[in-house]
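Novice: Just one file: my_file.txt, with compact mmCIF, C-alpha atoms and all ligand atoms.
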# COMPACT_ATOMS: atom_id res chain seq x y z
CA MET A 285 -83.74 42.15 68.84
CA ASN A 286 -81.82 41.09 71.92
CA TYR A 287 -83.00 41.31 75.50
CA LYS A 288 -81.02 44.49 76.08
CA ASP A 289 -83.02 46.22 73.33
CA LEU A 290 -86.23 45.05 74.95
CA ALA A 291 -85.22 46.12 78.46
CA ASN A 292 -86.48 49.23 80.16
CA LYS A 293 -84.12 52.02 79.05
CA VAL A 294 -83.75 53.37 82.58
CA ILE A 295 -81.65 50.34 83.59
CA GLU A 296 -79.22 50.73 80.70
CA ASN A 297 -76.41 52.13 82.84
CA LEU A 298 -77.47 50.75 86.17
CA PRO A 299 -74.79 48.63 87.85
CA GLU A 300 -75.82 45.46 89.64
CA TYR A 301 -75.62 45.73 93.43
CA VAL A 302 -72.44 43.99 94.57
CA PRO A 303 -72.85 42.59 98.09
CA GLY A 304 -70.07 41.47 100.41
CA LYS A 305 -68.52 38.27 99.05
CA PRO A 306 -70.24 35.16 100.43
CA VAL A 307 -68.11 32.74 102.45
CA GLU A 308 -68.70 29.87 100.00
CA TYR A 309 -67.31 31.90 97.05
CA VAL A 310 -64.12 32.78 98.89
CA ALA A 311 -63.75 29.17 100.08
CA ARG A 312 -63.93 27.92 96.50
CA GLU A 313 -61.75 30.65 95.01
CA PHE A 314 -58.92 30.25 97.52
CA GLY A 315 -59.38 26.59 98.39
CA ILE A 316 -60.10 27.26 102.06
CA ASP A 317 -62.32 25.36 104.48
CA PRO A 318 -65.46 27.58 104.70
CA SER A 319 -65.76 26.95 108.44
CA THR A 320 -62.50 28.83 108.98
CA ILE A 321 -63.57 31.94 107.05
CA GLU A 322 -64.69 35.10 108.84
CA LYS A 323 -66.97 37.52 106.99
CA MET A 324 -66.51 41.11 108.08
CA ALA A 325 -67.90 42.61 104.90
CA SER A 326 -71.63 43.31 105.16
CA ASN A 327 -72.10 44.90 108.58
CA GLU A 328 -73.92 41.86 109.85
CA ASN A 329 -74.12 41.01 113.53
CA PRO A 330 -71.06 38.91 114.51
CA PHE A 331 -72.71 37.89 117.80
CA GLY A 332 -75.38 35.86 116.02
CA ALA A 333 -79.13 36.41 115.88
CA SER A 334 -81.49 37.34 118.68
CA PRO A 335 -82.10 34.01 120.53
CA LYS A 336 -85.68 35.08 121.23
CA ALA A 337 -86.24 35.54 117.50
CA ILE A 338 -84.80 32.13 116.67
CA LYS A 339 -86.99 30.44 119.28
CA ALA A 340 -90.11 32.17 117.95
CA VAL A 341 -89.24 31.32 114.36
CA LYS A 342 -88.78 27.63 115.19
CA ALA A 343 -92.28 27.60 116.67
CA ALA A 344 -93.70 29.42 113.64
CA LEU A 345 -92.22 27.02 111.07
CA ALA A 346 -95.26 24.74 111.21
CA GLY A 347 -97.42 27.57 109.90
CA THR A 348 -95.52 28.21 106.71
CA ASN A 349 -98.10 26.45 104.51
CA MET A 350 -100.26 29.55 105.00
CA TYR A 351 -99.67 33.06 103.67
CA PRO A 352 -98.39 35.51 106.25
CA ASP A 353 -100.46 38.44 107.48
CA GLY A 354 -100.01 40.78 104.51
CA ALA A 355 -100.61 43.77 106.74
CA ALA A 356 -98.13 42.55 109.38
CA ILE A 357 -100.49 43.79 112.06
CA ALA A 358 -98.83 42.20 115.10
CA LEU A 359 -95.43 43.61 114.19
CA ARG A 360 -96.81 47.04 113.35
CA GLU A 361 -98.71 47.17 116.63
CA ARG A 362 -95.58 46.20 118.57
CA LEU A 363 -93.49 48.78 116.72
CA ALA A 364 -96.15 51.40 117.39
CA LYS A 365 -95.82 50.70 121.11
CA PHE A 366 -92.03 50.73 120.92
CA TRP A 367 -91.98 54.09 119.15
CA ASP A 368 -95.10 55.60 120.72
CA LEU A 369 -96.69 56.08 117.30
CA SER A 370 -99.74 54.48 115.66
CA PRO A 371 -99.62 51.19 113.69
CA GLU A 372 -100.78 53.05 110.55
CA GLN A 373 -97.50 54.94 110.59
CA PHE A 374 -95.44 51.80 109.85
CA PHE A 375 -94.55 50.11 106.59
CA ILE A 376 -92.97 46.65 106.95
CA GLY A 377 -90.52 45.71 104.22
CA ASN A 378 -88.53 42.73 103.02
CA GLY A 379 -85.59 44.49 104.65
CA SER A 380 -85.52 48.28 104.98
CA ASN A 381 -84.04 48.11 101.49
CA GLU A 382 -87.47 47.22 100.13
CA ALA A 383 -89.09 50.09 102.02
CA LEU A 384 -86.62 52.49 100.34
CA MET A 385 -87.42 51.04 96.92
CA ILE A 386 -91.19 51.13 97.47
CA LEU A 387 -91.06 54.73 98.64
CA ALA A 388 -89.17 55.69 95.47
CA GLN A 389 -91.72 53.88 93.30
CA THR A 390 -94.58 55.51 95.19
CA ILE A 391 -93.29 59.06 94.80
CA LEU A 392 -91.00 59.40 91.81
CA ASN A 393 -91.55 59.77 88.08
CA ARG A 394 -89.50 60.93 85.10
CA ASP A 395 -89.75 64.58 86.15
CA SER A 396 -88.49 64.02 89.69
CA GLU A 397 -85.09 64.72 91.15
CA VAL A 398 -83.56 62.92 94.11
CA ILE A 399 -80.65 64.26 96.15
CA TYR A 400 -78.09 62.23 98.08
CA GLY A 401 -74.38 62.22 98.90
CA ASP A 402 -72.10 61.00 96.13
CA LYS A 403 -70.57 58.33 98.36
CA SER A 404 -73.68 57.10 100.04
CA PHE A 405 -75.50 53.78 100.06
CA ILE A 406 -75.80 52.53 96.47
CA VAL A 407 -79.45 51.52 96.82
CA TYR A 408 -80.52 55.20 96.57
CA LYS A 409 -79.17 55.29 93.03
CA ILE A 410 -80.88 52.02 92.16
CA ALA A 411 -84.23 53.14 93.60
CA THR A 412 -84.05 56.51 91.83
CA THR A 413 -82.97 55.10 88.49
CA LEU A 414 -85.60 52.35 88.47
CA ALA A 415 -88.29 54.96 89.01
CA GLY A 416 -86.97 56.85 85.97
CA ALA A 417 -86.04 59.85 88.10
CA LYS A 418 -82.84 61.91 88.08
CA SER A 419 -80.12 61.49 90.71
CA VAL A 420 -78.56 64.73 91.92
CA THR A 421 -75.47 63.83 93.94
CA VAL A 422 -73.57 66.21 96.17
CA PRO A 423 -69.97 65.80 97.33
CA MET A 424 -69.30 64.40 100.81
CA PRO A 425 -66.31 66.30 102.19
CA ASP A 426 -64.56 64.70 105.17
CA PHE A 427 -66.63 61.54 104.66
CA SER A 428 -69.77 63.23 105.95
CA THR A 429 -73.11 64.51 104.71
CA ASP A 430 -72.99 68.13 103.56
CA LEU A 431 -76.42 69.41 104.56
CA LYS A 432 -75.73 72.86 103.12
CA ALA A 433 -74.84 71.41 99.72
CA ILE A 434 -77.96 69.24 99.79
CA GLU A 435 -80.13 72.23 100.62
CA ALA A 436 -78.54 74.23 97.82
CA ALA A 437 -79.32 71.44 95.34
CA ILE A 438 -83.07 71.49 96.01
CA THR A 439 -85.17 72.57 93.03
CA ALA A 440 -88.90 72.62 92.27
CA LYS A 441 -88.42 69.07 90.92
CA THR A 442 -86.85 67.60 94.06
CA ARG A 443 -89.08 64.97 95.61
CA ILE A 444 -86.80 62.89 97.82
CA ILE A 445 -83.62 63.51 99.80
CA PHE A 446 -81.84 60.42 101.11
CA ILE A 447 -79.67 60.91 104.18
CA THR A 448 -77.98 57.98 105.90
CA ASN A 449 -77.39 58.60 109.57
CA PRO A 450 -74.98 57.11 110.53
CA ASN A 451 -73.52 57.03 107.06
CA ASN A 452 -72.60 53.84 105.27
CA PRO A 453 -69.76 53.26 104.30
CA GLN A 454 -68.18 56.08 106.33
CA GLY A 455 -69.71 55.59 109.78
CA THR A 456 -70.07 59.35 110.33
CA ILE A 457 -73.18 61.13 111.63
CA CYS A 458 -74.81 64.51 111.03
CA ASP A 459 -74.73 67.05 113.83
CA PRO A 460 -78.13 66.41 115.51
CA GLN A 461 -79.10 70.08 115.85
CA GLU A 462 -78.06 70.88 112.29
CA LEU A 463 -80.02 67.93 110.96
CA LEU A 464 -83.15 68.94 112.87
CA ALA A 465 -82.89 72.53 111.64
CA PHE A 466 -82.30 71.29 108.09
CA ALA A 467 -85.37 69.04 108.27
CA GLU A 468 -87.48 71.88 109.61
CA ARG A 469 -86.49 74.19 106.75
CA LEU A 470 -87.29 71.73 103.95
CA PRO A 471 -89.93 72.84 101.46
CA ASP A 472 -93.27 71.08 101.41
CA HIS A 473 -92.71 69.28 98.08
CA VAL A 474 -89.68 67.34 99.40
CA ILE A 475 -89.67 64.12 101.41
CA LEU A 476 -86.67 63.60 103.66
CA VAL A 477 -85.76 59.93 103.98
CA LEU A 478 -83.59 59.25 107.00
CA ASP A 479 -82.00 55.87 106.60
CA GLU A 480 -81.12 54.87 110.16
CA ALA A 481 -80.01 51.28 109.58
CA TYR A 482 -77.17 51.79 112.09
CA ALA A 483 -78.73 54.36 114.41
CA GLU A 484 -78.79 52.08 117.44
CA PHE A 485 -74.99 51.98 117.43
CA ALA A 486 -74.73 55.79 117.58
CA ASP A 487 -75.24 56.12 121.34
CA GLY A 488 -78.32 58.33 121.07
CA LYS A 489 -76.61 60.84 118.80
CA THR A 490 -79.17 60.59 115.97
CA PRO A 491 -82.02 63.06 116.49
CA ASP A 492 -85.58 61.96 117.18
CA MET A 493 -87.65 62.95 114.14
CA ARG A 494 -91.03 62.01 115.61
CA PRO A 495 -91.93 65.53 116.83
CA LEU A 496 -91.28 66.94 113.35
CA ILE A 497 -93.30 64.14 111.74
CA ALA A 498 -96.14 64.90 114.17
CA ALA A 499 -95.85 68.57 113.22
CA GLY A 500 -96.50 67.65 109.58
CA LYS A 501 -92.97 67.76 108.17
CA LYS A 502 -92.50 65.28 105.33
CA ILE A 503 -90.00 62.94 106.96
CA VAL A 504 -89.80 59.15 106.90
CA VAL A 505 -87.35 57.07 108.90
CA ALA A 506 -86.06 53.66 107.77
CA ARG A 507 -84.92 51.11 110.36
CA THR A 508 -83.86 47.49 110.15
CA PHE A 509 -83.70 44.27 112.15
CA SER A 510 -80.69 43.19 110.08
CA LYS A 511 -77.94 44.81 112.13
CA LEU A 512 -78.54 45.28 115.87
CA TYR A 513 -80.91 42.32 116.14
CA GLY A 514 -78.85 40.02 113.88
CA LEU A 515 -81.72 39.15 111.53
CA ALA A 516 -80.15 40.02 108.15
CA GLY A 517 -81.03 36.62 106.70
CA PHE A 518 -84.72 37.01 107.50
CA ARG A 519 -85.07 40.31 105.62
CA CYS A 520 -87.12 42.43 107.97
CA GLY A 521 -87.05 46.21 108.06
CA TYR A 522 -89.51 49.04 108.30
CA MET A 523 -90.22 52.68 107.70
CA PHE A 524 -92.26 55.09 109.78
CA GLY A 525 -93.72 58.47 108.99
CA ASN A 526 -97.07 60.11 108.39
CA LYS A 527 -99.83 57.54 107.87
CA GLU A 528 -100.75 59.09 104.52
CA ILE A 529 -97.42 58.22 102.90
CA ILE A 530 -97.50 54.74 104.47
CA ALA A 531 -100.97 54.12 103.01
CA LEU A 532 -99.72 55.14 99.56
CA MET A 533 -96.72 52.81 99.86
CA ASN A 534 -99.05 49.95 100.78
CA ARG A 535 -100.68 50.33 97.35
CA VAL A 536 -97.33 49.67 95.67
CA ARG A 537 -95.98 46.71 97.63
CA GLN A 538 -96.61 43.03 96.89
CA PRO A 539 -99.57 41.57 98.80
CA PHE A 540 -97.31 39.44 101.03
CA ASN A 541 -94.00 41.29 100.80
CA SER A 542 -93.02 40.55 104.40
CA ASN A 543 -92.85 36.82 105.06
CA LEU A 544 -94.10 34.94 108.09
CA LEU A 545 -90.69 34.11 109.55
CA ALA A 546 -89.41 37.66 109.12
CA GLN A 547 -92.43 39.10 110.90
CA THR A 548 -92.15 36.48 113.66
CA ALA A 549 -88.44 37.12 114.12
CA GLY A 550 -88.82 40.90 114.19
CA LEU A 551 -91.67 40.74 116.69
CA ALA A 552 -89.67 38.58 119.10
CA ALA A 553 -86.39 40.43 118.65
CA ILE A 554 -87.78 43.79 119.78
CA ASP A 555 -88.09 42.39 123.28
CA ASP A 556 -84.68 40.74 123.34
CA VAL A 557 -83.10 43.36 125.57
CA ALA A 558 -80.28 41.04 126.65
CA PHE A 559 -79.18 40.41 123.05
CA VAL A 560 -79.34 44.12 122.21
CA LYS A 561 -77.15 44.89 125.23
CA LYS A 562 -74.69 42.16 124.29
CA THR A 563 -74.42 43.43 120.71
CA LEU A 564 -73.96 47.07 121.68
CA ALA A 565 -71.34 46.30 124.33
CA GLY A 566 -69.48 43.88 122.05
CA THR A 567 -69.48 46.36 119.18
CA LYS A 568 -68.15 49.15 121.38
CA LYS A 569 -65.34 46.93 122.63
CA GLY A 570 -64.60 45.80 119.08
CA ILE A 571 -64.37 49.37 117.79
CA LYS A 572 -61.88 50.22 120.53
CA LYS A 573 -59.77 47.18 119.76
CA LEU A 574 -59.79 47.70 115.99
CA CYS A 575 -59.06 51.44 116.19
CA ALA A 576 -56.14 50.82 118.56
CA GLY A 577 -54.87 48.19 116.14
CA PHE A 578 -55.19 50.48 113.11
CA LYS A 579 -53.28 53.18 114.98
CA LYS A 580 -50.49 50.72 115.73
CA LEU A 581 -50.37 49.82 112.06
CA LYS A 582 -50.31 53.54 111.21
CA LEU A 583 -53.53 53.27 109.23
CA ASP A 584 -55.91 56.22 109.09
CA TYR A 585 -59.54 55.40 109.78
CA VAL A 586 -62.78 57.35 110.01
CA PRO A 587 -64.09 57.46 113.61
CA THR A 588 -67.31 55.47 113.52
CA TYR A 589 -70.82 55.69 114.99
CA ALA A 590 -71.83 52.40 113.38
CA ASN A 591 -70.75 48.73 113.49
CA PHE A 592 -68.09 49.09 110.79
CA ILE A 593 -64.96 51.15 110.18
CA LEU A 594 -63.69 52.74 106.99
CA VAL A 595 -59.91 52.33 106.88
CA HIS A 596 -57.44 53.99 104.54
CA ILE A 597 -55.05 51.33 103.26
CA GLY A 598 -53.49 53.17 100.32
CA PRO A 599 -52.94 52.32 96.65
CA ASP A 600 -52.55 48.63 97.55
CA ALA A 601 -56.03 48.32 99.07
CA LYS A 602 -57.22 45.90 96.40
CA GLU A 603 -54.23 43.66 96.92
CA VAL A 604 -54.68 43.77 100.67
CA PHE A 605 -58.33 42.82 100.15
CA VAL A 606 -57.26 39.76 98.16
CA GLU A 607 -54.51 38.83 100.65
CA LEU A 608 -57.00 39.01 103.50
CA GLN A 609 -59.25 36.58 101.63
CA ARG A 610 -56.33 34.24 101.15
CA ARG A 611 -56.11 34.24 104.96
CA GLY A 612 -59.82 33.56 105.30
CA LEU A 613 -60.98 37.09 106.06
CA ILE A 614 -63.60 38.86 103.93
CA VAL A 615 -63.86 42.65 104.16
CA ARG A 616 -65.37 45.12 101.71
CA PRO A 617 -63.39 46.92 99.00
CA MET A 618 -64.57 50.45 98.34
CA GLY A 619 -63.85 50.88 94.63
CA GLY A 620 -67.59 50.89 93.93
CA TYR A 621 -67.89 53.93 96.21
CA ASP A 622 -65.06 55.71 94.44
CA MET A 623 -62.74 55.15 97.40
CA PRO A 624 -60.35 52.59 95.91
CA GLU A 625 -57.76 53.12 98.65
CA HIS A 626 -60.14 52.23 101.47
CA LEU A 627 -61.55 49.04 102.93
CA ARG A 628 -64.68 48.86 105.06
CA ILE A 629 -64.39 46.44 107.93
CA THR A 630 -67.35 45.22 109.95
CA VAL A 631 -66.64 45.13 113.67
CA GLY A 632 -66.39 41.48 114.67
CA THR A 633 -66.12 39.29 117.75
CA PRO A 634 -62.92 39.66 119.81
CA LYS A 635 -61.47 36.64 118.00
CA GLN A 636 -62.35 37.98 114.55
CA ASN A 637 -60.96 41.42 115.35
CA GLU A 638 -57.70 39.97 116.59
CA ARG A 639 -57.38 37.72 113.57
CA LEU A 640 -58.02 40.63 111.22
CA LEU A 641 -55.45 42.89 112.87
CA ALA A 642 -52.84 40.13 112.87
CA ALA A 643 -53.44 39.40 109.19
CA LEU A 644 -53.37 43.08 108.26
CA GLY A 645 -50.11 43.53 110.15
CA GLU A 646 -48.56 40.57 108.37
CA ILE A 647 -49.70 41.72 104.92
CA LEU A 648 -48.62 45.33 105.40
CA LYS A 649 -45.18 44.30 106.67
CA ARG A 650 -44.57 42.66 103.34
C1 LIG B 701 -77.42 52.37 104.95
C2 LIG B 701 -78.19 51.13 104.76
N1 LIG B 701 -79.50 51.21 104.57
C3 LIG B 701 -80.25 50.13 104.39
C4 LIG B 701 -79.69 48.87 104.38
C5 LIG B 701 -80.57 47.70 104.10
O1 LIG B 701 -80.78 46.94 105.19
P1 LIG B 701 -81.87 45.79 105.18
O2 LIG B 701 -82.50 45.75 103.83
O3 LIG B 701 -81.14 44.55 105.52
O4 LIG B 701 -82.87 46.20 106.23
C6 LIG B 701 -78.33 48.72 104.58
C7 LIG B 701 -77.71 47.38 104.54
O5 LIG B 701 -76.56 47.17 104.55
C8 LIG B 701 -77.56 49.88 104.77
O6 LIG B 701 -76.23 49.80 104.93
Just give me the structure of the file as C-alpha cells.
Ligand SMILES: Cc1ncc(COP(=O)(O)O)c(C=O)c1O
Specialist:
Amino acid sequence: MNYKDLANKVIENLPEYVPGKPVEYVAREFGIDPSTIEKMASNENPFGASPKAIKAVKAALAGTNMYPDGAAIALRERLAKFWDLSPEQFFIGNGSNEALMILAQTILNRDSEVIYGDKSFIVYKIATTLAGAKSVTVPMPDFSTDLKAIEAAITAKTRIIFITNPNNPQGTICDPQELLAFAERLPDHVILVLDEAYAEFADGKTPDMRPLIAAGKKIVVARTFSKLYGLAGFRCGYMFGNKEIIALMNRVRQPFNSNLLAQTAGLAAIDDVAFVKKTLAGTKKGIKKLCAGFKKLKLDYVPTYANFILVHIGPDAKEVFVELQRRGLIVRPMGGYDMPEHLRITVGTPKQNERLLAALGEILKR
C-alpha cells in the first residue's frame, strides 16, 4: 500500500494551494538579485506593516517562551469595541483563512452542499472538500457574483454560501442593497459567509451585516489584518457573527491557534489610524496610475474595489508572466482560476507601479 491509498479519499482530487511566487524562488530561477525583485502577486501591503504593530511585537518578543492567550481575550475585546459587538461574537484565526476552514469543519459533513462562484477564492473549495462536503459552483458572469444564481442553487442540503466582497481575483463588489436583500431572504438552514478580506479598500460600499446578525440571520463575516494593516506574515484574521456559531468553532480550533505575536500585532494595528490612511490613499493613487497605464497599453481591466487589478493580457499571458519575472516583477497568473488570459496585479508603491507599467509596455511591444 502506498501513502495515496492510505490517504483520506476526499483529498484525492484536491489541488495544492498555489500562492504567489516567493521572491527567493524567482531570484534563483532567473538569476536575479532578490533585493531588486518586486512582488505584486499576493495582494500584500506594499507600504509595509503597521509601525505600531511592529513596535508592539518587538516588546512582546521576550514573552514568547509562554503560550499565548488561547482565547485571545485582549484582541477580541478590542475588536468588540471597534465593531460595537460583544467579545463572544469573535473568532480569532491564524489568518482569516483558518477561520474559513474551521467554520467549514464545524458545520459541514458528507451530506452538506456549499455554494460559491466558480471563479472565487480557491480556499472555499479546499475547506469544502476537506470536510467531505459537495461544492456547488455557479458561474460568475462579468467577473461578479451572481446572487440570483446562488439563490437558485440552494437546496435542503445547502449549509454554507461563500461570497467574497470585494471579490478575489476580480476586485468587483455586490450591489449593497441586493446583497442585503439576498441575505435577508436566505433560509434558516444556510449560513452566509461574507469574506471581506478587502472590504476596507471598497470605500464603504460593502454593506454592514451587523443589524441582520443581530436580527438572528445566519451570517458570519471574515476579516483580516493581512491586507490593510500589512500583517500578512503574522497570520492574524478573524470572523464575527452570532456567539453561538463562534462558540461551536472554538470547539474545533487548536488550543493556541492564534500566536502571541499575531495577537499583539493585530491589537496594536487596529489603532494605527495613520498607517491605515497612508495605505488607503496610496492604494487609491496606485489604482489610478495603473488603470491609466493599462488604458495606454490598450489592455482591458476589471475596475477594482480592492488592492489588486485583474488585467486581460490575451493568449500570451503566461509568457508575459514569465517575461515580467525575468525583469524582476512577480504578478499572479490566473490559469488556476480558469482565466488563462488574465494576470492579477497587486497595486504597489508608485515606484513599483511605474516599473510594472514600463516592463509591460516593453514586453507587449515585442
Ligand atoms: C478573498 C480572501 N479571503 C481570505 C484570504 C486569507 O487571508 P488571511 O488568511 O491572510 O487572513 C485571502 C488572502 O489572500 C483572500 O484573498
Novice: Output as a Markdown table one row per residue of chain A within 7 Å of ligand LIG 701 (chain B): the closest atom pair and its distance in Å to one decimal place, counting only C-alpha atoms and all ligand atoms, sorted by chain and residue number ascending.
Specialist:
| residue | atom | partner | partner_atom | distance |
| --- | --- | --- | --- | --- |
| A:Ser326 | CA | B:LIG701 | O5 | 6.3 |
| A:Asn327 | CA | B:LIG701 | O5 | 6.4 |
| A:Asn378 | CA | B:LIG701 | O2 | 6.8 |
| A:Gly379 | CA | B:LIG701 | O2 | 3.4 |
| A:Ser380 | CA | B:LIG701 | O4 | 3.6 |
| A:Asn381 | CA | B:LIG701 | O2 | 3.7 |
| A:Glu382 | CA | B:LIG701 | O2 | 6.4 |
| A:Phe405 | CA | B:LIG701 | C1 | 5.4 |
| A:Thr448 | CA | B:LIG701 | C1 | 5.7 |
| A:Asn451 | CA | B:LIG701 | C1 | 6.4 |
| A:Asn452 | CA | B:LIG701 | C1 | 5.0 |
| A:Asp479 | CA | B:LIG701 | N1 | 5.7 |
| A:Glu480 | CA | B:LIG701 | C1 | 6.9 |
| A:Ala481 | CA | B:LIG701 | N1 | 5.0 |
| A:Arg507 | CA | B:LIG701 | O4 | 6.7 |
| A:Thr508 | CA | B:LIG701 | O4 | 4.2 |
| A:Phe509 | CA | B:LIG701 | O4 | 6.3 |
| A:Ser510 | CA | B:LIG701 | O3 | 4.8 |
| A:Ala516 | CA | B:LIG701 | O3 | 5.3 |
| A:Arg519 | CA | B:LIG701 | O3 | 5.8 |
| A:Cys520 | CA | B:LIG701 | O4 | 5.9 |
| A:Gly521 | CA | B:LIG701 | O4 | 4.6 |
Novice: Can you list, as JSON, numbers by chain, every protein, DNA or RNA residue that comes within 7 Å of A:Lys502 when you count all atoms listed in the file, leaving out same-chain residues fewer than 6 positions away?
Specialist: {"A": [474, 475, 476]}
Novice: Would you mind listing what lies within 8 Å of stretch 574-581 of chain A as a list in words, with all atoms listed in the file counted and same-chain residues fewer than 3 positions away left out?
Specialist: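 Listing them by chain and then by number gives Gly570, Ile571, Asp584, Tyr585, Val631, Asn637, Leu641 and Gly645 of chain A.
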Novice: Which is closer to A:Asn393 than all the others in A:Lys441, A:His596, A:Asp426, A:Asp353, using only C-alpha atoms?
Specialist: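 Ranked by minimum distance to A:Asn393, first place goes to A:Lys441.
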Novice: Write out as a ChimeraX atom specification the residues lying within 7 Å of A:Val294, counting all atoms listed in the file and excluding same-chain residues fewer than 5 positions away.
Specialist: /A:413-414,416
